>>> print(open('upload_16.csv').read())   # CSV, C-alpha atoms and all ligand atoms
chain,number,residue,atom,x,y,z
A,1,MET,CA,-18.9,8.5,21.6
A,2,ASN,CA,-19.9,10.3,24.8
A,3,VAL,CA,-18.2,13.7,24.6
A,4,SER,CA,-18.7,14.3,28.3
A,5,LEU,CA,-16.0,11.8,28.9
A,6,ARG,CA,-13.2,13.2,30.9
A,7,ILE,CA,-9.7,12.3,29.6
A,8,GLY,CA,-6.3,13.0,31.1
A,9,VAL,CA,-3.0,12.8,29.3
A,10,ILE,CA,0.1,12.4,31.5
A,11,GLY,CA,3.0,13.8,29.4
A,12,GLY,CA,0.6,15.9,27.4
A,13,ALA,CA,3.4,18.4,26.7
A,14,GLY,CA,5.3,15.7,24.7
A,15,TRP,CA,5.2,14.7,21.1
A,16,LEU,CA,2.9,11.8,21.1
A,17,GLY,CA,0.7,12.9,24.1
A,18,GLY,CA,0.1,16.3,22.3
A,19,ALA,CA,-0.7,14.5,19.0
A,20,ILE,CA,-3.2,12.2,20.6
A,21,ALA,CA,-4.8,15.1,22.5
A,22,ASN,CA,-5.1,17.0,19.2
A,23,SER,CA,-6.6,14.1,17.3
A,24,MET,CA,-9.1,13.5,20.1
A,25,LEU,CA,-10.2,17.1,20.1
A,26,ASN,CA,-10.5,17.2,16.3
A,27,ALA,CA,-12.6,14.1,16.3
A,28,GLY,CA,-14.9,15.4,19.1
A,29,ILE,CA,-14.1,12.5,21.4
A,30,VAL,CA,-13.4,15.0,24.3
A,31,ARG,CA,-14.3,18.6,24.9
A,32,SER,CA,-11.4,20.8,25.7
A,33,GLN,CA,-12.9,21.6,29.2
A,34,HIS,CA,-12.9,17.9,29.9
A,35,LEU,CA,-9.4,17.4,28.8
A,36,SER,CA,-6.6,17.4,31.4
A,37,LEU,CA,-2.9,17.4,30.4
A,38,SER,CA,0.2,17.2,32.6
A,39,TYR,CA,3.7,18.6,32.0
A,40,ARG,CA,7.0,18.4,33.9
A,41,SER,CA,9.2,21.2,32.7
A,42,ALA,CA,7.4,23.9,30.8
A,43,LYS,CA,3.7,24.4,30.3
A,44,PRO,CA,3.1,24.5,26.5
A,45,GLU,CA,0.9,27.3,24.9
A,46,ARG,CA,-1.2,24.8,23.0
A,47,PHE,CA,-4.7,23.7,24.1
A,48,PRO,CA,-5.3,26.8,26.1
A,49,SER,CA,-8.8,25.9,27.2
A,50,ALA,CA,-7.8,22.4,28.5
A,51,PHE,CA,-6.7,22.0,32.1
A,52,TRP,CA,-2.9,21.9,32.5
A,53,THR,CA,-1.3,20.7,35.7
A,54,LYS,CA,2.1,19.5,37.0
A,55,ASP,CA,0.3,17.3,39.5
A,56,ASN,CA,-0.4,13.9,37.9
A,57,GLN,CA,-2.7,12.7,40.7
A,58,GLU,CA,-4.8,15.8,40.3
A,59,LEU,CA,-5.1,14.9,36.6
A,60,VAL,CA,-6.2,11.4,37.4
A,61,ASP,CA,-8.8,12.6,39.9
A,62,ARG,CA,-10.3,14.8,37.2
A,63,SER,CA,-10.4,12.1,34.6
A,64,ASP,CA,-12.4,8.9,33.7
A,65,VAL,CA,-9.7,7.8,31.2
A,66,VAL,CA,-6.0,8.3,31.9
A,67,ILE,CA,-3.4,8.1,29.1
A,68,ILE,CA,0.2,7.7,30.1
A,69,SER,CA,2.6,9.2,27.5
A,70,VAL,CA,5.9,9.7,29.3
A,71,ARG,CA,9.1,8.1,28.1
A,72,PRO,CA,9.6,4.6,29.7
A,73,GLN,CA,12.6,5.8,31.7
A,74,ASP,CA,10.4,8.6,33.3
A,75,TRP,CA,7.6,6.2,34.2
A,76,GLU,CA,9.4,5.3,37.4
A,77,ALA,CA,8.6,8.7,38.8
A,78,VAL,CA,4.8,8.6,37.8
A,79,SER,CA,3.3,7.3,41.0
A,80,ILE,CA,-0.4,7.8,40.5
A,81,ASP,CA,-3.3,5.8,42.0
A,82,ALA,CA,-5.7,5.2,39.1
A,83,LYS,CA,-8.2,3.0,41.0
A,84,GLN,CA,-11.5,2.6,39.1
A,85,LYS,CA,-10.1,4.4,36.0
A,86,LEU,CA,-9.5,3.1,32.5
A,87,LEU,CA,-5.7,3.4,32.2
A,88,ILE,CA,-4.2,3.5,28.7
A,89,SER,CA,-0.4,3.3,28.2
A,90,VAL,CA,1.3,4.3,25.0
A,91,MET,CA,4.8,3.6,26.5
A,92,ALA,CA,7.1,1.1,24.7
A,93,GLY,CA,8.1,-1.9,26.7
A,94,ILE,CA,5.9,-1.4,29.8
A,95,ARG,CA,3.8,-4.5,30.4
A,96,ILE,CA,0.2,-4.7,31.5
A,97,SER,CA,1.0,-6.5,34.8
A,98,ALA,CA,3.5,-3.8,35.8
A,99,LEU,CA,0.9,-1.0,35.0
A,100,ARG,CA,-1.8,-2.8,36.9
A,101,GLU,CA,0.4,-3.3,39.9
A,102,ARG,CA,1.8,0.2,40.1
A,103,HIS,CA,-1.4,2.2,39.3
A,104,LYS,CA,-3.8,0.0,41.3
A,105,THR,CA,-6.4,-0.5,38.5
A,106,GLU,CA,-7.5,-3.7,36.8
A,107,ARG,CA,-8.7,-1.8,33.6
A,108,VAL,CA,-5.5,-1.4,31.7
A,109,VAL,CA,-4.9,-1.1,28.0
A,110,ARG,CA,-1.4,-1.2,26.4
A,111,THR,CA,-1.1,0.5,23.0
A,112,LEU,CA,1.7,1.4,20.7
A,113,PRO,CA,0.9,4.2,18.3
A,114,ASN,CA,3.5,6.0,16.2
A,115,ALA,CA,4.5,9.5,15.3
A,116,ALA,CA,2.1,9.8,12.5
A,117,ALA,CA,-0.6,10.3,15.1
A,118,GLU,CA,0.4,14.0,14.6
A,119,VAL,CA,-1.3,13.8,11.2
A,120,SER,CA,-4.0,11.3,12.4
A,121,MET,CA,-2.3,8.5,10.4
A,122,SER,CA,-0.9,6.3,13.2
A,123,TYR,CA,-1.2,2.6,13.1
A,124,THR,CA,-2.0,1.6,16.7
A,125,PRO,CA,-2.1,-2.0,17.9
A,126,TRP,CA,-3.5,-2.5,21.4
A,127,ILE,CA,-4.3,-5.2,24.0
A,128,ALA,CA,-6.5,-5.0,27.0
A,129,SER,CA,-6.4,-6.6,30.5
A,130,LYS,CA,-9.1,-9.1,31.4
A,131,ALA,CA,-11.2,-6.6,33.4
A,132,VAL,CA,-11.6,-4.3,30.4
A,133,GLN,CA,-15.2,-4.2,29.3
A,134,GLU,CA,-16.8,-3.7,25.9
A,135,HIS,CA,-17.6,0.0,26.8
A,136,ASP,CA,-13.9,0.5,27.6
A,137,ARG,CA,-12.9,-1.1,24.3
A,138,ASP,CA,-15.2,1.3,22.4
A,139,ILE,CA,-13.4,4.2,24.1
A,140,VAL,CA,-10.0,2.8,23.0
A,141,LYS,CA,-11.2,2.2,19.5
A,142,ALA,CA,-12.6,5.7,19.3
A,143,ILE,CA,-9.4,7.4,20.6
A,144,PHE,CA,-7.0,5.5,18.3
A,145,SER,CA,-9.3,5.6,15.3
A,146,ALA,CA,-9.1,9.4,15.7
A,147,CYS,CA,-5.3,9.0,15.5
A,148,GLY,CA,-5.4,6.7,12.4
A,149,ILE,CA,-6.0,3.0,12.2
A,150,GLN,CA,-6.2,0.7,15.3
A,151,ASP,CA,-6.2,-3.1,15.8
A,152,GLU,CA,-6.7,-5.2,18.9
A,153,VAL,CA,-4.0,-7.8,18.9
A,154,LYS,CA,-3.8,-11.2,20.7
A,155,SER,CA,-0.7,-11.0,22.8
A,156,GLU,CA,1.8,-8.6,24.4
A,157,ARG,CA,4.4,-10.3,22.3
A,158,ASP,CA,2.6,-8.9,19.2
A,159,ILE,CA,2.9,-5.4,20.8
A,160,ASP,CA,6.6,-5.9,21.5
A,161,TYR,CA,7.1,-7.0,17.9
A,162,LEU,CA,5.1,-4.1,16.4
A,163,THR,CA,7.0,-1.6,18.6
A,164,GLY,CA,10.0,-2.1,16.4
A,165,PHE,CA,7.9,-2.4,13.3
A,166,SER,CA,5.0,0.1,13.0
A,167,GLY,CA,5.9,1.9,16.3
A,168,THR,CA,8.9,3.3,14.4
A,169,GLY,CA,6.5,5.2,12.2
A,170,PRO,CA,8.1,7.2,9.5
A,171,ALA,CA,11.7,5.9,10.4
A,172,PHE,CA,12.1,3.1,7.9
A,173,PRO,CA,10.4,4.6,4.9
A,174,SER,CA,12.5,7.7,5.6
A,175,LEU,CA,15.6,5.6,5.8
A,176,LEU,CA,15.0,4.4,2.2
A,177,ALA,CA,14.0,7.9,1.1
A,178,SER,CA,17.2,9.3,2.6
A,179,ALA,CA,19.4,6.8,0.8
A,180,MET,CA,17.6,7.6,-2.4
A,181,MET,CA,18.0,11.3,-1.9
A,182,GLU,CA,21.7,10.9,-1.1
A,183,HIS,CA,22.1,9.1,-4.4
A,184,ALA,CA,20.1,11.7,-6.4
A,185,VAL,CA,22.0,14.6,-4.9
A,186,GLY,CA,25.3,12.8,-5.6
A,187,HIS,CA,24.1,12.7,-9.2
A,188,GLY,CA,23.7,16.4,-9.3
A,189,LEU,CA,20.0,16.9,-8.6
A,190,SER,CA,19.3,19.9,-6.3
A,191,VAL,CA,18.2,19.0,-2.7
A,192,ASP,CA,14.9,20.7,-3.4
A,193,VAL,CA,14.0,18.6,-6.4
A,194,ALA,CA,15.3,15.4,-4.8
A,195,ARG,CA,13.3,16.1,-1.6
A,196,ARG,CA,10.1,16.8,-3.5
A,197,ALA,CA,10.5,13.7,-5.6
A,198,VAL,CA,11.0,11.3,-2.7
A,199,VAL,CA,8.3,12.9,-0.5
A,200,THR,CA,5.8,12.6,-3.4
A,201,LEU,CA,6.9,9.0,-3.9
A,202,LEU,CA,6.2,8.2,-0.3
A,203,GLU,CA,2.8,9.8,-0.3
A,204,GLY,CA,1.9,8.3,-3.6
A,205,THR,CA,2.9,4.8,-2.5
A,206,GLY,CA,0.7,5.0,0.6
A,207,ARG,CA,-2.3,6.2,-1.3
A,208,LEU,CA,-1.9,3.7,-4.1
A,209,LEU,CA,-1.5,0.7,-1.7
A,210,GLU,CA,-4.6,1.9,0.2
A,211,LYS,CA,-6.7,2.4,-2.9
A,212,ARG,CA,-5.7,-1.0,-4.5
A,213,GLN,CA,-5.9,-3.0,-1.3
A,214,GLU,CA,-2.8,-4.8,-2.4
A,215,CYS,CA,0.2,-6.1,-0.5
A,216,PRO,CA,3.5,-4.2,-1.2
A,217,ASN,CA,4.8,-7.6,-2.5
A,218,ASP,CA,2.1,-7.6,-5.3
A,219,ILE,CA,3.3,-4.2,-6.5
A,220,VAL,CA,7.0,-5.3,-6.4
A,221,ARG,CA,6.1,-8.4,-8.4
A,222,ALA,CA,4.2,-6.4,-11.0
A,223,PHE,CA,7.3,-4.2,-11.5
A,224,VAL,CA,9.6,-7.3,-11.7
A,225,ASP,CA,7.4,-8.9,-14.2
A,226,TYR,CA,7.4,-5.8,-16.3
A,227,ARG,CA,11.2,-6.4,-16.9
A,228,GLY,CA,12.0,-2.7,-17.3
A,229,VAL,CA,14.3,-0.2,-15.5
A,230,THR,CA,12.6,-0.7,-12.1
A,231,ALA,CA,13.0,-4.5,-12.3
A,232,ALA,CA,16.8,-4.1,-12.9
A,233,ALA,CA,17.1,-1.9,-9.9
A,234,ILE,CA,14.9,-4.1,-7.7
A,235,GLU,CA,17.1,-7.2,-8.6
A,236,GLU,CA,20.3,-5.3,-7.9
A,237,MET,CA,19.0,-4.0,-4.5
A,238,ARG,CA,17.9,-7.5,-3.5
A,239,ALA,CA,21.3,-9.0,-4.6
A,240,ALA,CA,23.0,-6.4,-2.5
A,241,GLY,CA,21.1,-7.8,0.6
A,242,LEU,CA,18.2,-5.4,1.0
A,243,ASN,CA,15.8,-8.1,2.4
A,244,GLU,CA,18.5,-9.5,4.7
A,245,ALA,CA,19.3,-6.0,6.0
A,246,VAL,CA,15.6,-5.3,6.8
A,247,SER,CA,15.2,-8.7,8.5
A,248,ARG,CA,18.3,-8.1,10.7
A,249,GLY,CA,17.1,-4.6,11.6
A,250,LEU,CA,13.6,-5.8,12.6
A,251,THR,CA,15.0,-8.7,14.6
A,252,VAL,CA,17.2,-6.3,16.6
A,253,ALA,CA,14.2,-4.0,17.1
A,254,PHE,CA,12.1,-6.9,18.4
A,255,LYS,CA,14.8,-8.1,20.8
A,256,ARG,CA,15.3,-4.5,22.1
A,257,SER,CA,11.6,-3.9,22.8
A,258,GLU,CA,11.2,-7.3,24.5
A,259,SER,CA,14.1,-6.6,26.8
A,260,MET,CA,12.6,-3.2,27.8
A,261,GLY,CA,9.6,-5.2,29.2
A,262,ASP,CA,11.9,-7.5,31.1
A,263,THR,CA,13.3,-4.7,33.1
A,264,SER,CA,10.0,-2.8,33.8
A,301,LIG,N1,7.1,9.5,19.5
A,301,LIG,C1,6.9,8.3,19.0
A,301,LIG,O1,7.1,8.1,17.8
A,301,LIG,C2,6.4,7.2,19.8
A,301,LIG,C3,6.0,6.0,19.1
A,301,LIG,C4,5.5,4.9,19.9
A,301,LIG,C5,5.4,5.0,21.3
A,301,LIG,N2,5.9,6.2,21.9
A,301,LIG,C6,5.9,6.2,23.3
A,301,LIG,O2,5.2,7.4,23.7
A,301,LIG,C7,5.8,7.9,25.0
A,301,LIG,C8,6.1,9.4,24.8
A,301,LIG,O3,7.0,9.6,23.8
A,301,LIG,P1,7.2,11.0,23.1
A,301,LIG,O4,8.0,10.8,21.9
A,301,LIG,O5,6.0,11.8,23.1
A,301,LIG,O6,8.3,11.6,24.2
A,301,LIG,P2,8.4,13.1,24.6
A,301,LIG,O7,8.2,14.1,23.4
A,301,LIG,O8,9.7,13.3,25.3
A,301,LIG,O9,7.2,13.4,25.6
A,301,LIG,C9,7.2,12.9,26.9
A,301,LIG,C10,6.7,14.1,27.8
A,301,LIG,O10,6.5,13.5,29.1
A,301,LIG,C11,6.9,14.6,30.0
A,301,LIG,N3,7.1,14.0,31.3
A,301,LIG,C12,8.1,13.2,31.8
A,301,LIG,N4,7.9,12.9,33.0
A,301,LIG,C13,6.7,13.5,33.4
A,301,LIG,C14,5.9,13.5,34.6
A,301,LIG,N5,6.3,12.9,35.7
A,301,LIG,N6,4.8,14.2,34.6
A,301,LIG,C15,4.3,14.8,33.5
A,301,LIG,N7,5.0,14.9,32.3
A,301,LIG,C16,6.2,14.2,32.3
A,301,LIG,C17,8.1,15.1,29.4
A,301,LIG,O11,8.4,16.4,29.9
A,301,LIG,P3,9.8,17.1,29.8
A,301,LIG,O12,9.6,18.2,28.8
A,301,LIG,O13,10.2,17.6,31.1
A,301,LIG,O14,10.8,16.1,29.3
A,301,LIG,C18,7.7,15.2,27.9
A,301,LIG,O15,7.0,16.4,27.6
A,301,LIG,C19,7.0,7.0,25.2
A,301,LIG,O16,6.8,6.2,26.3
A,301,LIG,C20,7.3,6.3,23.9
A,301,LIG,O17,7.7,5.0,24.2
A,301,LIG,C21,6.4,7.2,21.2
>>> encode(input="upload_16.csv", output="structure tokens")
Amino acid sequence: MNVSLRIGVIGGAGWLGGAIANSMLNAGIVRSQHLSLSYRSAKPERFPSAFWTKDNQELVDRSDVVIISVRPQDWEAVSIDAKQKLLISVMAGIRISALRERHKTERVVRTLPNAAAEVSMSYTPWIASKAVQEHDRDIVKAIFSACGIQDEVKSERDIDYLTGFSGTGPAFPSLLASAMMEHAVGHGLSVDVARRAVVTLLEGTGRLLEKRQECPNDIVRAFVDYRGVTAAAIEEMRAAGLNEAVSRGLTVAFKRSESMGDTS
């Protein structure tokens, strides 16, 4: 990757914008003197050798690649002209056609990372407009590989679906971990021990799945076939409607993210 690439992050003071900037710097995709970041309220202390500005057009003019990372409801106020630039959005629900029209560039990529970009472990699906060339694709792959794992997907509908799926990042595994912790503490375990136990479970699960290259379903089946304590718990959880609850939650998430796009 060409490290003389000039990259700007609109909303660089925020959670995701800062995490992406950090991952890009760590991976050597951009040099700090070629990185521009914009803020709205307060200029953060981080990335002191990058260029910070409140003026988004100034950021665009200094950059070859512009990443928009403001909340969807704040996008209305971002009126930049990004002609000739590669524009990458990480905003949930904002469609490629709306981005092209508002920012006057044909080279638009819509992505949906998650909060694990902070530890370079995001899953990021993305889709590009027709005018995006192979060189631009390489840039997108490099940026989001620095943030974790990336996949180019076939339709914006896939992005809308994944918004409420992988875009939620640590939310759903944490929901399960939180229910487990509540139960453990109710049984008299200290919060400290319960927290260490569930956090280690989450980390171990991720690493094991990655090492074995298995589907989660294969692991579940192996435990059910073992017919031990875990199988008894899995069957009880399923009978109580675990799969149905997950399916209903994901369906609501998909509908919500699709409807965000309808209003942008
Ligand atoms: N966080 C996630 O897990 C996640 C996952 C997937 C997608 N996303 C997408 O990522 C985007 C950013 O989310 P986030 O969680 O990073 O939100 P965030 O922490 O609130 O960051 C957004 C930042 O944008 C700044 N901002 C707003 N308007 C601006 C403007 N006109 N010019 C410059 N900066 C401006 C905000 O400044 P203030 O300090 O003044 O508010 C804030 O620092 C959203 O569109 C979201 O859909 C986030």
>>> residues_around(input="upload_16.csv", residues="Phe165 in chain A", least_positions_apart="3", cutoff="10 Å", atoms="only C-alpha atoms", output="short mmCIF file (atom, residue, chain, number, x, y, z; two decimals) with C-alpha atoms, in the frame of the given file")
data_model
loop_
_atom_site.label_atom_id
_atom_site.label_comp_id
_atom_site.auth_asym_id
_atom_site.auth_seq_id
_atom_site.Cartn_x
_atom_site.Cartn_y
_atom_site.Cartn_z
CA ASN A 114 3.50 6.00 16.20
CA ILE A 159 2.90 -5.40 20.80
CA ASP A 160 6.60 -5.90 21.50
CA TYR A 161 7.10 -7.00 17.90
CA LEU A 162 5.10 -4.10 16.40
CA THR A 168 8.90 3.30 14.40
CA GLY A 169 6.50 5.20 12.20
CA ALA A 171 11.70 5.90 10.40
CA PHE A 172 12.10 3.10 7.90
CA GLY A 249 17.10 -4.60 11.60
CA LEU A 250 13.60 -5.80 12.60
CA THR A 251 15.00 -8.70 14.60
CA ALA A 253 14.20 -4.00 17.10
CA PHE A 254 12.10 -6.90 18.40
#
>>> closest_residue(input="upload_16.csv", among="A:Glu101, A:Glu118, A:Asp61, A:Glu214", to="Gly148 in chain A", atoms="only C-alpha atoms")
A:Glu118
>>> closest_residue(input="upload_16.csv", among="A:Leu112, A:Ile29, A:Ile80, A:Ile20", to="ligand LIG 301 (chain A)", atoms="only C-alpha atoms and all ligand atoms")
A:Leu112
>>> atom_distance(input="upload_16.csv", atom1="CA of Ser41 in chain A", atom2="atom O12 of ligand LIG 301 (chain A)")
4.9 Å
>>> residues_near_ligand(input="upload_16.csv", ligand="ligand LIG 301 (chain A)", cutoff="7 Å", atoms="all atoms listed in the file", output="NGL selection string")
:A and (10-17 or 38-42 or 54 or 56 or 69-72 or 74-75 or 77-78 or 90-92 or 112-115 or 163 or 167-169)
>>> residues_around(input="upload_16.csv", residues="Glu258 in chain A", least_positions_apart="2", cutoff="8 Å", atoms="all atoms listed in the file", output="mmCIF file with C-alpha atoms, in the frame of the given file")
data_model
loop_
_atom_site.group_PDB
_atom_site.id
_atom_site.type_symbol
_atom_site.label_atom_id
_atom_site.label_comp_id
_atom_site.auth_asym_id
_atom_site.auth_seq_id
_atom_site.Cartn_x
_atom_site.Cartn_y
_atom_site.Cartn_z
ATOM 1 C CA GLY A 93 8.100 -1.900 26.700
ATOM 2 C CA ARG A 157 4.400 -10.300 22.300
ATOM 3 C CA ASP A 160 6.600 -5.900 21.500
ATOM 4 C CA TYR A 161 7.100 -7.000 17.900
ATOM 5 C CA PHE A 254 12.100 -6.900 18.400
ATOM 6 C CA LYS A 255 14.800 -8.100 20.800
ATOM 7 C CA ARG A 256 15.300 -4.500 22.100
ATOM 8 C CA MET A 260 12.600 -3.200 27.800
ATOM 9 C CA GLY A 261 9.600 -5.200 29.200
ATOM 10 C CA ASP A 262 11.900 -7.500 31.100
#
>>> atom_distance(input="upload_16.csv", atom1="CA of Ala98 in chain A", atom2="CA of Gln84 in chain A")
16.6 Å
>>> atom_distance(input="upload_16.csv", atom1="CA of Thr53 in chain A", atom2="CA of Ser36 in chain A")
7.6 Å
>>> residues_around(input="upload_16.csv", residues="Ile88 in chain A", least_positions_apart="2", cutoff="7 Å", atoms="all atoms listed in the file", output="list in words")
Val66, Ile67, Ile68, Leu86, Val90, Val108, Val109 and Arg110 of chain A
>>> residues_around(input="upload_16.csv", residues="range 173-184 of chain A", least_positions_apart="2", cutoff="7 Å", atoms="all atoms listed in the file", output="PyMOL selection string")
chain A and resi 170-171+186-189+194-195+198
>>> residues_around(input="upload_16.csv", residues="Ser4 in chain A", least_positions_apart="5", cutoff="8 Å", atoms="all atoms listed in the file", output="list in words")
Val30, Arg31 and His34 of chain A
>>> closest_residue(input="upload_16.csv", among="A:Arg238, A:Glu76, A:Arg6, A:Gly164", to="Ser257 in chain A", atoms="all atoms listed in the file")
A:Gly164
